[in-house]
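One file, start_15.cif, carrying mmCIF, C-alpha atoms and all ligand atoms:
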data_structure
#
loop_
_atom_site.label_atom_id
_atom_site.label_comp_id
_atom_site.auth_asym_id
_atom_site.auth_seq_id
_atom_site.Cartn_x
_atom_site.Cartn_y
_atom_site.Cartn_z
CA MET A 1 106.47 29.93 63.31
CA ARG A 2 106.55 26.47 61.74
CA ARG A 3 103.23 24.63 62.07
CA ASP A 4 103.59 20.88 62.30
CA ASN A 5 100.90 18.48 61.25
CA TRP A 6 101.19 15.56 63.61
CA PRO A 7 97.90 13.69 63.80
CA LYS A 8 96.09 14.12 67.09
CA ARG A 9 95.86 10.65 68.58
CA THR A 10 98.42 8.29 67.14
CA TYR A 11 100.11 7.16 70.28
CA ASN A 12 103.23 5.09 70.06
CA PRO A 13 103.71 3.22 73.35
CA ALA A 14 107.45 3.30 72.70
CA MET A 15 107.19 7.01 73.54
CA ALA A 16 106.52 6.16 77.17
CA GLU A 17 109.38 7.19 79.43
CA SER A 18 110.47 6.33 82.91
CA ILE A 19 112.65 8.94 84.55
CA GLN A 20 114.66 8.28 87.68
CA VAL A 21 114.92 10.92 90.41
CA SER A 22 118.19 9.90 92.04
CA LEU A 23 118.02 10.87 95.68
CA GLY A 24 119.73 7.96 97.43
CA ASP A 25 117.29 6.14 99.68
CA ARG A 26 114.55 8.55 98.58
CA ALA A 27 115.01 7.78 94.85
CA TYR A 28 111.92 7.14 92.74
CA ARG A 29 110.72 6.82 89.18
CA ILE A 30 108.36 9.04 87.23
CA HIS A 31 106.48 7.24 84.47
CA VAL A 32 105.27 9.36 81.56
CA GLY A 33 102.98 8.01 78.87
CA ARG A 34 99.51 6.60 78.36
CA GLY A 35 98.30 4.20 81.01
CA LEU A 36 99.16 3.18 84.54
CA ASP A 37 101.25 0.07 83.86
CA GLY A 38 103.08 -1.07 86.96
CA LEU A 39 100.99 0.93 89.41
CA SER A 40 99.29 -2.03 91.13
CA ALA A 41 102.60 -3.88 91.44
CA ALA A 42 104.25 -0.84 93.03
CA VAL A 43 102.03 -0.95 96.09
CA PRO A 44 102.31 -3.98 98.37
CA ALA A 45 99.01 -5.85 98.51
CA SER A 46 99.32 -6.05 102.30
CA ALA A 47 99.50 -2.25 102.75
CA SER A 48 96.29 -0.35 103.38
CA LYS A 49 95.81 2.40 100.83
CA VAL A 50 93.81 5.59 100.71
CA ILE A 51 93.22 7.62 97.58
CA VAL A 52 92.93 11.34 98.26
CA THR A 53 91.21 13.14 95.43
CA ASP A 54 88.92 16.08 94.75
CA LYS A 55 85.27 16.04 93.72
CA ASN A 56 85.88 16.62 90.00
CA VAL A 57 88.67 14.09 89.60
CA GLY A 58 87.04 11.62 91.97
CA ARG A 59 83.86 11.61 89.93
CA LEU A 60 85.84 10.68 86.82
CA TYR A 61 88.57 8.36 88.06
CA ALA A 62 88.31 7.35 91.74
CA GLN A 63 86.30 4.20 91.14
CA LYS A 64 88.72 2.85 88.55
CA ILE A 65 91.85 3.55 90.63
CA SER A 66 90.21 2.36 93.83
CA HIS A 67 89.35 -0.92 92.14
CA MET A 68 92.85 -1.24 90.70
CA LEU A 69 94.53 -0.68 94.08
CA ASN A 70 91.89 -1.98 96.46
CA ALA A 71 91.98 1.38 98.19
CA ARG A 72 89.41 3.46 99.99
CA VAL A 73 88.70 6.95 98.69
CA LEU A 74 88.76 10.25 100.53
CA THR A 75 87.32 13.20 98.61
CA VAL A 76 87.84 16.91 99.27
CA PRO A 77 86.29 19.91 97.52
CA ALA A 78 88.03 20.97 94.29
CA GLY A 79 90.15 24.10 94.27
CA GLU A 80 92.90 25.98 96.06
CA GLY A 81 90.66 26.45 99.12
CA SER A 82 91.36 22.81 100.02
CA LYS A 83 95.00 23.62 100.74
CA SER A 84 93.93 24.86 104.18
CA LEU A 85 94.42 23.92 107.83
CA GLY A 86 90.69 23.26 108.09
CA GLN A 87 90.72 20.83 105.16
CA LEU A 88 93.88 19.17 106.43
CA GLU A 89 92.18 18.56 109.77
CA SER A 90 89.24 16.99 107.98
CA VAL A 91 91.61 14.82 105.91
CA PHE A 92 93.36 13.59 109.07
CA ALA A 93 90.00 12.85 110.68
CA GLN A 94 88.99 10.74 107.68
CA LEU A 95 92.39 9.05 107.46
CA LEU A 96 92.44 8.12 111.13
CA ALA A 97 88.81 7.45 112.06
CA PRO A 98 88.52 3.96 110.47
CA ARG A 99 91.74 2.94 112.31
CA ASP A 100 92.87 0.91 109.30
CA LEU A 101 96.15 2.73 108.65
CA ASP A 102 99.64 2.24 110.01
CA ARG A 103 103.16 3.32 109.07
CA GLN A 104 103.19 0.87 106.13
CA SER A 105 100.09 2.44 104.59
CA VAL A 106 100.23 4.27 101.28
CA ILE A 107 98.43 7.48 100.36
CA VAL A 108 97.65 7.96 96.69
CA ALA A 109 97.31 11.58 95.56
CA LEU A 110 94.92 11.49 92.60
CA GLY A 111 94.45 15.00 91.21
CA GLY A 112 96.12 18.24 90.35
CA GLY A 113 98.67 20.26 92.30
CA VAL A 114 96.17 21.04 95.05
CA ILE A 115 95.67 17.36 95.83
CA GLY A 116 99.37 16.55 95.45
CA ASP A 117 100.33 19.33 97.87
CA LEU A 118 97.58 18.53 100.40
CA ALA A 119 97.79 14.72 100.32
CA GLY A 120 101.58 14.91 100.19
CA PHE A 121 101.65 17.07 103.31
CA ALA A 122 99.23 14.71 105.06
CA ALA A 123 101.54 11.82 104.09
CA ALA A 124 104.59 13.75 105.34
CA THR A 125 103.07 14.19 108.77
CA LEU A 126 100.77 11.20 109.33
CA PHE A 127 102.54 8.90 111.80
CA ARG A 128 105.63 11.11 111.23
CA GLY A 129 105.61 10.18 107.55
CA VAL A 130 104.06 7.49 105.37
CA ARG A 131 104.65 6.64 101.71
CA TYR A 132 102.64 8.30 98.98
CA ILE A 133 102.24 7.96 95.25
CA GLN A 134 101.42 10.82 92.92
CA LEU A 135 98.91 10.29 90.12
CA PRO A 136 98.88 13.83 88.68
CA THR A 137 95.83 14.58 86.56
CA THR A 138 96.58 18.14 85.42
CA LEU A 139 99.37 19.20 83.09
CA LEU A 140 100.73 21.49 85.79
CA ALA A 141 100.94 18.63 88.26
CA MET A 142 102.61 16.36 85.68
CA VAL A 143 105.33 18.81 84.68
CA ASP A 144 105.95 20.44 88.03
CA SER A 145 104.14 19.84 91.30
CA SER A 146 104.28 16.02 91.39
CA VAL A 147 108.06 16.09 90.94
CA GLY A 148 110.41 16.90 93.78
CA GLY A 149 108.53 16.35 97.01
CA LYS A 150 107.40 19.87 97.89
CA THR A 151 104.17 19.55 99.85
CA ALA A 152 102.25 22.38 101.49
CA ILE A 153 99.04 24.02 102.50
CA ASN A 154 98.33 27.74 102.52
CA HIS A 155 97.89 30.12 105.44
CA GLU A 156 95.83 33.28 105.46
CA THR A 157 99.11 35.23 105.33
CA GLY A 158 100.36 33.50 102.20
CA LYS A 159 100.60 30.52 99.90
CA ASN A 160 102.44 27.32 100.76
CA LEU A 161 103.60 28.64 104.13
CA ILE A 162 103.03 25.38 106.01
CA GLY A 163 104.69 22.39 104.39
CA ALA A 164 107.40 19.80 104.21
CA PHE A 165 109.77 18.18 101.75
CA HIS A 166 108.54 14.61 101.39
CA GLN A 167 109.41 12.69 98.23
CA PRO A 168 106.77 10.40 96.72
CA GLN A 169 107.43 6.70 96.28
CA ALA A 170 106.62 6.93 92.56
CA VAL A 171 104.76 9.12 90.08
CA TRP A 172 102.63 8.13 87.08
CA CYS A 173 101.93 10.90 84.57
CA ASP A 174 99.19 9.17 82.58
CA ILE A 175 98.36 11.48 79.68
CA ALA A 176 94.94 9.83 79.38
CA PHE A 177 93.91 11.98 82.37
CA LEU A 178 94.44 15.08 80.26
CA GLU A 179 91.53 14.16 77.97
CA THR A 180 89.04 15.44 80.53
CA LEU A 181 91.07 18.43 81.68
CA PRO A 182 89.35 21.73 80.76
CA THR A 183 91.23 23.82 78.20
CA ARG A 184 91.86 26.68 80.61
CA GLU A 185 93.51 24.29 83.10
CA TYR A 186 95.61 22.69 80.36
CA VAL A 187 96.80 26.07 79.11
CA SER A 188 97.57 27.14 82.68
CA GLY A 189 99.90 24.14 82.95
CA LEU A 190 101.71 25.31 79.83
CA ALA A 191 103.03 28.29 81.83
CA GLU A 192 105.19 25.94 83.90
CA VAL A 193 106.28 24.23 80.66
CA ILE A 194 107.42 27.56 79.21
CA LYS A 195 109.12 28.36 82.53
CA THR A 196 111.05 25.12 82.12
CA GLY A 197 111.95 26.11 78.55
CA VAL A 198 113.24 29.49 79.73
CA LEU A 199 115.35 27.93 82.49
CA SER A 200 116.56 25.05 80.36
CA GLY A 201 117.72 27.02 77.32
CA SER A 202 117.10 28.00 73.73
CA ALA A 203 116.79 24.44 72.34
CA PHE A 204 113.86 23.54 74.61
CA LEU A 205 112.14 26.84 73.89
CA ALA A 206 112.60 26.32 70.13
CA LYS A 207 111.00 22.86 70.41
CA LEU A 208 108.00 24.43 72.13
CA GLU A 209 107.74 27.12 69.47
CA GLN A 210 107.93 24.55 66.67
CA SER A 211 105.32 22.28 68.24
CA ALA A 212 102.94 25.02 69.43
CA SER A 213 99.97 23.84 67.38
CA ALA A 214 100.47 20.17 68.33
CA ILE A 215 100.78 21.19 71.98
CA VAL A 216 97.52 23.11 71.80
CA ALA A 217 95.87 20.13 70.04
CA ARG A 218 97.21 17.84 72.81
CA ASN A 219 98.90 15.51 70.38
CA ASP A 220 99.80 12.39 72.37
CA GLU A 221 103.40 12.03 71.28
CA VAL A 222 104.23 15.70 71.50
CA VAL A 223 102.62 16.04 74.91
CA THR A 224 104.38 12.91 76.22
CA ARG A 225 107.75 14.21 75.03
CA MET A 226 107.05 17.68 76.42
CA ILE A 227 106.11 16.31 79.85
CA ALA A 228 109.10 13.96 79.91
CA ASP A 229 111.46 16.84 79.00
CA CYS A 230 110.04 18.97 81.82
CA VAL A 231 110.24 16.10 84.31
CA ARG A 232 113.84 15.34 83.32
CA PHE A 233 114.82 18.97 83.78
CA LYS A 234 113.11 19.29 87.15
CA ALA A 235 114.42 15.93 88.37
CA ALA A 236 117.98 17.08 87.65
CA VAL A 237 117.43 20.32 89.58
CA VAL A 238 115.90 18.46 92.52
CA GLU A 239 118.81 16.00 92.55
CA GLN A 240 121.20 18.94 92.86
CA ASP A 241 119.26 20.83 95.51
CA GLU A 242 116.50 18.74 97.04
CA THR A 243 115.56 21.13 99.84
CA GLU A 244 116.21 24.46 98.12
CA ALA A 245 119.36 25.00 100.15
CA THR A 246 121.85 26.14 97.48
CA GLY A 247 119.68 28.41 95.34
CA ARG A 248 119.61 25.99 92.38
CA ARG A 249 116.06 24.82 93.07
CA ALA A 250 114.92 28.35 93.90
CA MET A 251 115.49 29.13 90.20
CA LEU A 252 112.29 27.18 89.55
CA ASN A 253 110.48 30.10 91.15
CA PHE A 254 111.02 32.19 88.01
CA GLY A 255 107.87 34.29 87.61
CA HIS A 256 106.49 33.14 90.94
CA THR A 257 107.24 36.18 93.15
CA LEU A 258 104.76 38.45 91.39
CA GLY A 259 102.68 35.40 90.41
CA HIS A 260 102.11 34.45 94.05
CA ALA A 261 101.36 38.10 94.89
CA LEU A 262 98.66 38.14 92.18
CA GLU A 263 97.19 34.88 93.45
CA ASN A 264 97.07 36.26 96.99
CA LEU A 265 95.56 39.58 95.95
CA TYR A 266 93.00 38.14 93.54
CA PRO A 267 92.31 34.61 94.80
CA ASP A 268 89.65 33.66 92.24
CA ARG A 269 90.83 35.57 89.22
CA TRP A 270 93.73 33.54 87.84
CA LEU A 271 94.76 29.94 87.84
CA HIS A 272 98.26 29.29 89.19
CA GLY A 273 99.88 29.03 85.76
CA GLU A 274 98.10 32.17 84.51
CA ALA A 275 99.44 34.18 87.46
CA VAL A 276 102.91 32.73 86.86
CA ALA A 277 102.70 33.70 83.16
CA ILE A 278 102.04 37.33 84.13
CA GLY A 279 104.78 37.09 86.75
CA MET A 280 107.24 35.76 84.15
CA VAL A 281 106.61 38.69 81.83
CA ALA A 282 107.28 41.08 84.73
CA ALA A 283 110.44 39.13 85.66
CA LEU A 284 111.59 39.31 82.02
CA ARG A 285 111.14 43.10 82.06
CA LEU A 286 113.17 43.29 85.26
CA SER A 287 115.79 41.02 83.73
CA VAL A 288 116.22 43.36 80.75
CA ALA A 289 116.61 46.31 83.13
CA ARG A 290 118.80 44.74 85.80
CA VAL A 291 120.85 41.91 84.31
CA ALA A 292 121.03 42.94 80.64
CA LEU A 293 118.76 40.24 79.24
CA ASP A 294 118.43 40.76 75.49
CA ALA A 295 115.04 42.44 75.00
CA ALA A 296 114.46 40.16 71.98
CA VAL A 297 114.52 37.13 74.31
CA ALA A 298 111.95 38.75 76.58
CA GLU A 299 109.78 39.42 73.53
CA ARG A 300 110.26 35.85 72.26
CA VAL A 301 109.10 34.30 75.55
CA THR A 302 106.19 36.73 75.87
CA ARG A 303 105.12 35.87 72.32
CA LEU A 304 105.15 32.14 73.08
CA LEU A 305 103.07 32.68 76.24
CA HIS A 306 100.60 34.62 74.12
CA VAL A 307 100.54 32.05 71.29
CA LEU A 308 99.76 29.26 73.77
CA GLY A 309 96.89 31.30 75.20
CA LEU A 310 98.33 32.62 78.46
CA PRO A 311 97.77 36.11 79.91
CA THR A 312 100.80 38.41 79.87
CA GLU A 313 99.43 41.72 81.15
CA ILE A 314 99.43 42.98 84.72
CA PRO A 315 95.91 44.21 85.49
CA PRO A 316 95.78 48.02 85.35
CA GLU A 317 94.00 48.17 88.69
CA LEU A 318 96.83 46.42 90.54
CA GLU A 319 98.06 48.87 93.14
CA ALA A 320 101.84 49.09 93.52
CA GLN A 321 101.47 49.33 97.31
CA ALA A 322 99.39 46.17 97.55
CA ALA A 323 101.77 44.27 95.31
CA THR A 324 104.70 45.45 97.43
CA ALA A 325 103.07 44.37 100.68
CA VAL A 326 102.30 40.93 99.34
CA MET A 327 105.71 40.45 97.74
CA LEU A 328 107.39 41.45 101.00
CA GLY A 329 105.27 38.81 102.68
CA ASP A 330 106.73 36.28 100.27
CA LYS A 331 108.84 33.51 101.84
CA LYS A 332 111.85 34.72 99.84
CA ARG A 333 111.93 38.14 101.56
CA ASP A 334 115.11 39.46 103.15
CA GLY A 335 114.50 42.68 105.09
CA GLY A 336 112.94 45.14 102.61
CA ALA A 337 114.28 43.16 99.68
CA VAL A 338 112.90 40.28 97.69
CA GLY A 339 114.93 37.58 95.98
CA PHE A 340 113.83 37.70 92.34
CA VAL A 341 114.77 35.01 89.88
CA LEU A 342 116.02 36.93 86.85
CA LEU A 343 117.30 35.76 83.51
CA LYS A 344 120.69 36.79 82.08
CA ALA A 345 120.03 34.69 78.97
CA LEU A 346 117.93 31.62 78.11
CA GLY A 347 119.15 28.85 80.41
CA GLU A 348 121.01 31.33 82.64
CA PRO A 349 118.84 32.28 85.60
CA VAL A 350 120.26 34.25 88.50
CA ILE A 351 118.79 35.23 91.85
CA GLN A 352 119.06 38.90 92.65
CA SER A 353 118.04 40.51 95.92
CA CYS A 354 116.01 43.57 94.90
CA THR A 355 114.91 46.35 97.22
CA ILE A 356 111.29 47.11 96.55
CA ASP A 357 111.35 50.77 95.59
CA SER A 358 109.50 52.85 93.04
CA ALA A 359 112.09 52.18 90.32
CA LEU A 360 111.73 48.44 90.74
CA LEU A 361 107.93 48.64 90.79
CA HIS A 362 107.96 50.83 87.70
CA THR A 363 109.92 48.21 85.78
CA LEU A 364 108.10 45.23 87.21
CA MET A 365 104.61 46.54 86.62
CA GLY A 366 105.35 47.87 83.17
CA PRO A 367 104.36 51.04 81.33
CA ARG A 368 100.90 51.20 82.94
CA ASP A 369 102.58 52.01 86.25
CA GLU A 370 102.42 55.79 85.46
CA ARG A 371 98.97 55.81 87.10
CA THR A 372 99.97 54.49 90.53
P1 LIG A 401 94.09 21.95 90.82
O1 LIG A 401 94.70 20.83 91.56
O2 LIG A 401 93.19 22.84 91.56
O3 LIG A 401 93.34 21.36 89.55
C1 LIG A 401 92.70 22.26 88.70
C2 LIG A 401 91.23 21.92 88.46
O4 LIG A 401 91.17 20.88 87.51
C3 LIG A 401 90.46 21.42 89.68
O5 LIG A 401 89.16 21.93 89.62
C4 LIG A 401 90.43 19.92 89.49
O6 LIG A 401 89.31 19.33 90.09
C5 LIG A 401 90.37 19.80 87.99
N1 LIG A 401 90.97 18.61 87.43
C6 LIG A 401 92.17 18.07 87.75
N2 LIG A 401 92.45 17.06 86.94
C7 LIG A 401 91.42 16.93 86.09
C8 LIG A 401 91.15 16.05 85.00
N3 LIG A 401 92.04 15.16 84.58
N4 LIG A 401 89.96 16.18 84.37
C9 LIG A 401 89.07 17.14 84.76
N5 LIG A 401 89.28 18.01 85.76
C10 LIG A 401 90.45 17.90 86.42
O7 LIG A 401 95.22 22.91 90.19
P2 LIG A 401 96.67 22.67 89.56
O8 LIG A 401 96.83 23.76 88.59
O9 LIG A 401 96.88 21.29 89.12
O10 LIG A 401 97.63 22.92 90.79
C11 LIG A 401 97.78 24.18 91.38
C12 LIG A 401 98.43 24.00 92.72
O11 LIG A 401 99.72 23.40 92.55
C13 LIG A 401 98.65 25.29 93.47
O12 LIG A 401 98.18 25.14 94.79
C14 LIG A 401 100.16 25.45 93.48
O13 LIG A 401 100.64 26.11 94.63
C15 LIG A 401 100.61 24.03 93.46
N6 LIG A 401 101.97 23.82 92.95
C16 LIG A 401 102.81 23.06 93.69
C17 LIG A 401 104.09 22.84 93.25
C18 LIG A 401 105.00 21.93 94.03
O14 LIG A 401 106.20 21.82 93.68
N7 LIG A 401 104.52 21.27 95.06
C19 LIG A 401 104.53 23.36 92.03
C20 LIG A 401 103.63 24.13 91.27
C21 LIG A 401 102.35 24.36 91.75
N1 LIG A 402 107.76 24.44 91.88
C1 LIG A 402 109.01 24.79 92.48
C2 LIG A 402 109.73 23.67 93.12
O1 LIG A 402 109.30 22.54 93.09
O2 LIG A 402 110.75 23.88 93.73
#
Mind turning this structure into structure tokens?
Amino acid sequence: MRRDNWPKRTYNPAMAESIQVSLGDRAYRIHVGRGLDGLSAAVPASASKVIVTDKNVGRLYAQKISHMLNARVLTVPAGEGSKSLGQLESVFAQLLAPRDLDRQSVIVALGGGVIGDLAGFAAATLFRGVRYIQLPTTLLAMVDSSVGGKTAINHETGKNLIGAFHQPQAVWCDIAFLETLPTREYVSGLAEVIKTGVLSGSAFLAKLEQSASAIVARNDEVVTRMIADCVRFKAAVVEQDETEATGRRAMLNFGHTLGHALENLYPDRWLHGEAVAIGMVAALRLSVARVALDAAVAERVTRLLHVLGLPTEIPPELEAQAATAVMLGDKKRDGGAVGFVLLKALGEPVIQSCTIDSALLHTLMGPRDERT
């Protein structure tokens, strides 16, 4: 693999990009680059604003953003546990108690995907819907969760089961936030980047392969371009299928069926992107078996996941029965079958309804399945 030698922090402001998500009266722009230019102007001074953030992000950035927007700050605990009915109730209590909000108010989601999903869902339902702005602070949130208006909390029976489609008013992906993001979280976000590469096609994947070392080093220009490419791809998908009605948007769930099952079965073991990385490798194996994906492509993607530091192995102790039960609980179930996103070739995903039987599990879980 070619190793490039871009210097780490030579940021060219001309690299900043503003990408339109064209959804008629719900259209909005996603700004990618260093800084939050235009943020204050985007929120009417007369509107009351509340920043929803988590403890880690709040400690680092809430004061600055609160000052910039003249907004009050509402802080929740960090982590997936905050995407819960209990936490949502607490958020509503804190939104409503001061009685300073109305339908013109703006909620600002300052954090990773957890905050975007939770604050976005609160915004979707408060007063039957108020405006919100996404300030994603993790790579995963910048390339995926802040784009497209999916908001949700979890239920004890599964992830993201209670939610709404509610598009943000605008999104700022300020790469300066990534400077404090722990390496493991950054690498986890790279799983959704690779997913985008797989769905987009060979050229995007080649770019990722060629820039692997600059991506790992978080080179400003490379990271800005990478995020903008992902946002552009996702924006186009969302424009075609905003509410996941035609199957086009469902393609973005590549790797997520087993990924979500792993997250449900082992809540504290993997970050979202790590579970998706393992799920993608399983989906690639299934794609080779069921839709004639070239095994070399599966190997190529698995190698890139590995090079960027993501896990690719299903844990040997994962029981086939448990995985089956959780996958059948997945929102995409259809009787005893699950809709898997498979790959015919790079850039050619297809959804196939697969009955969960021992043959499917054998393929999905890989060679170690002999044990179960
Ligand atoms: P996260 O929001 O939990 O953030 C990860 C951790 O990093 C947290 O501890 C957080 O406090 C910390 N953090 C965030 N930004 C930081 C920064 N700049 N500096 C230091 N620490 C920082 O996790 P995530 O990976 O961003 O998001 C995962 C969630 O996103 C999952 O709940 C998943 O379901 C959801 N998701 C939603 C969509 C969607 O379309 N809505 C898409 C993909 C994932
Ligand atoms: N992350 C999948 C979607 O937004 O549809």
Out of A:Ile194, A:Val52, A:Val338, A:Ala323, which residue has the shortest atom-to-atom distance to Gly273 of chain A when counting only C-alpha atoms?
A:Ile194
When you count all atoms listed in the file, which of these residues is closest to ligand LIG 402 (chain A): A:Phe204, A:Phe165, A:Tyr132, A:Phe340?
A:Phe165
Contacts of chain A with ligand LIG 402 (chain A) up to 7 Å, shortest pair per row, all atoms listed in the file, as JSON lines:
{"residue": "A:Asp144", "atom": "CA", "partner": "A:LIG402", "partner_atom": "N1", "distance": 5.8}
{"residue": "A:Ser145", "atom": "CA", "partner": "A:LIG402", "partner_atom": "N1", "distance": 5.9}
{"residue": "A:Val147", "atom": "CA", "partner": "A:LIG402", "partner_atom": "O1", "distance": 6.9}
{"residue": "A:Gly148", "atom": "CA", "partner": "A:LIG402", "partner_atom": "O1", "distance": 5.8}
{"residue": "A:Lys150", "atom": "CA", "partner": "A:LIG402", "partner_atom": "O1", "distance": 5.8}
{"residue": "A:Arg249", "atom": "CA", "partner": "A:LIG402", "partner_atom": "O2", "distance": 5.4}
{"residue": "A:Ala250", "atom": "CA", "partner": "A:LIG402", "partner_atom": "O2", "distance": 6.1}
{"residue": "A:Leu252", "atom": "CA", "partner": "A:LIG402", "partner_atom": "C1", "distance": 5.0}
{"residue": "A:Asn253", "atom": "CA", "partner": "A:LIG402", "partner_atom": "C1", "distance": 5.7}
For Leu360 of chain A, please output as an mmCIF file with C-alpha atoms, in the frame of the given file all residues within 12 Å (counting only C-alpha atoms; exclusion window: fewer than 6 positions along the same chain).
data_model
loop_
_atom_site.group_PDB
_atom_site.id
_atom_site.type_symbol
_atom_site.label_atom_id
_atom_site.label_comp_id
_atom_site.auth_asym_id
_atom_site.auth_seq_id
_atom_site.Cartn_x
_atom_site.Cartn_y
_atom_site.Cartn_z
ATOM 1 C CA ALA A 282 107.280 41.080 84.730
ATOM 2 C CA ALA A 283 110.440 39.130 85.660
ATOM 3 C CA ARG A 285 111.140 43.100 82.060
ATOM 4 C CA LEU A 286 113.170 43.290 85.260
ATOM 5 C CA SER A 287 115.790 41.020 83.730
ATOM 6 C CA ALA A 289 116.610 46.310 83.130
ATOM 7 C CA ARG A 290 118.800 44.740 85.800
ATOM 8 C CA ALA A 320 101.840 49.090 93.520
ATOM 9 C CA ALA A 323 101.770 44.270 95.310
ATOM 10 C CA THR A 324 104.700 45.450 97.430
ATOM 11 C CA ALA A 337 114.280 43.160 99.680
ATOM 12 C CA VAL A 338 112.900 40.280 97.690
ATOM 13 C CA PHE A 340 113.830 37.700 92.340
ATOM 14 C CA SER A 353 118.040 40.510 95.920
ATOM 15 C CA CYS A 354 116.010 43.570 94.900
ATOM 16 C CA GLY A 366 105.350 47.870 83.170
ATOM 17 C CA ASP A 369 102.580 52.010 86.250
#
Between segment 165-215 of chain A and segment 300-311 of chain A, at 12 Å or less, what are the per-residue closest atom pairs and their distances in Å? Count all atoms listed in the file, order by chain and rising residue number, and return it as CSV.
residue,atom,partner,partner_atom,distance
A:Thr183,CA,A:Gly309,CA,9.8
A:Arg184,CA,A:Gly309,CA,8.7
A:Glu185,CA,A:Leu310,CA,10.7
A:Tyr186,CA,A:Gly309,CA,10.1
A:Val187,CA,A:Gly309,CA,6.5
A:Ser188,CA,A:Leu310,CA,7.0
A:Gly189,CA,A:Leu310,CA,9.7
A:Leu190,CA,A:Leu308,CA,7.5
A:Ala191,CA,A:Leu305,CA,7.1
A:Glu192,CA,A:Leu305,CA,10.4
A:Val193,CA,A:Leu305,CA,10.1
A:Ile194,CA,A:Leu305,CA,7.3
A:Lys195,CA,A:Val301,CA,9.2
A:Thr196,CA,A:Val301,CA,11.5
A:Gly197,CA,A:Val301,CA,9.2
A:Val198,CA,A:Val301,CA,7.6
A:Leu199,CA,A:Val301,CA,11.3
A:Gly201,CA,A:Val301,CA,11.4
A:Ser202,CA,A:Val301,CA,10.3
A:Phe204,CA,A:Val301,CA,11.8
A:Leu205,CA,A:Val301,CA,8.2
A:Ala206,CA,A:Leu304,CA,9.9
A:Lys207,CA,A:Leu304,CA,11.3
A:Leu208,CA,A:Leu304,CA,8.3
A:Glu209,CA,A:Leu304,CA,6.7
A:Gln210,CA,A:Leu304,CA,10.3
A:Ser211,CA,A:Leu308,CA,10.5
A:Ala212,CA,A:Leu308,CA,6.9
A:Ser213,CA,A:Leu308,CA,8.4
A:Ala214,CA,A:Leu308,CA,10.6
A:Ile215,CA,A:Leu308,CA,8.3
For the atom pair atom CA of Ala164 of chain A and atom CA of Val237 of chain A, what is the interatomic distance in Å to one decimal place?
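Separating atom CA of Ala164 of chain A from atom CA of Val237 of chain A is a distance of 17.7 Å.
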Atomic separation - atom CA of His67 of chain A relative to atom C19 of ligand LIG 401 (chain A), Å:
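Computing it gives 28.6 Å between the two atoms.
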Here is a test: counting only C-alpha atoms, which residue of A:Arg218, A:Lys83, A:Lys234, A:Arg131 is nearest to Asn160 of chain A?
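Of the candidates, the smallest distance to Asn160 of chain A is held by A:Lys83.
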Find the residue from A:Ile65, A:Leu85, A:Val73, A:Met365 that sits nearest to Pro316 of chain A; use only C-alpha atoms when measuring.
A:Met365
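A straight line drawn from atom CA of Ile107 of chain A to atom CA of Val50 of chain A is 5.0 Å long.
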Between A:Glu348, A:Glu179, A:Asp294, A:Asp100, which has the minimum distance to ligand LIG 401 (chain A) (counting all atoms listed in the file)?
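With all atoms listed in the file as the atom set, the closest residue is A:Glu179.
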Find, counting all atoms listed in the file, the residue in A:Ala109, A:Ala245, A:Val350, A:Leu364 that gets nearest to ligand LIG 401 (chain A).
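Counting all atoms listed in the file, the residue closest to ligand LIG 401 (chain A) is A:Ala109.
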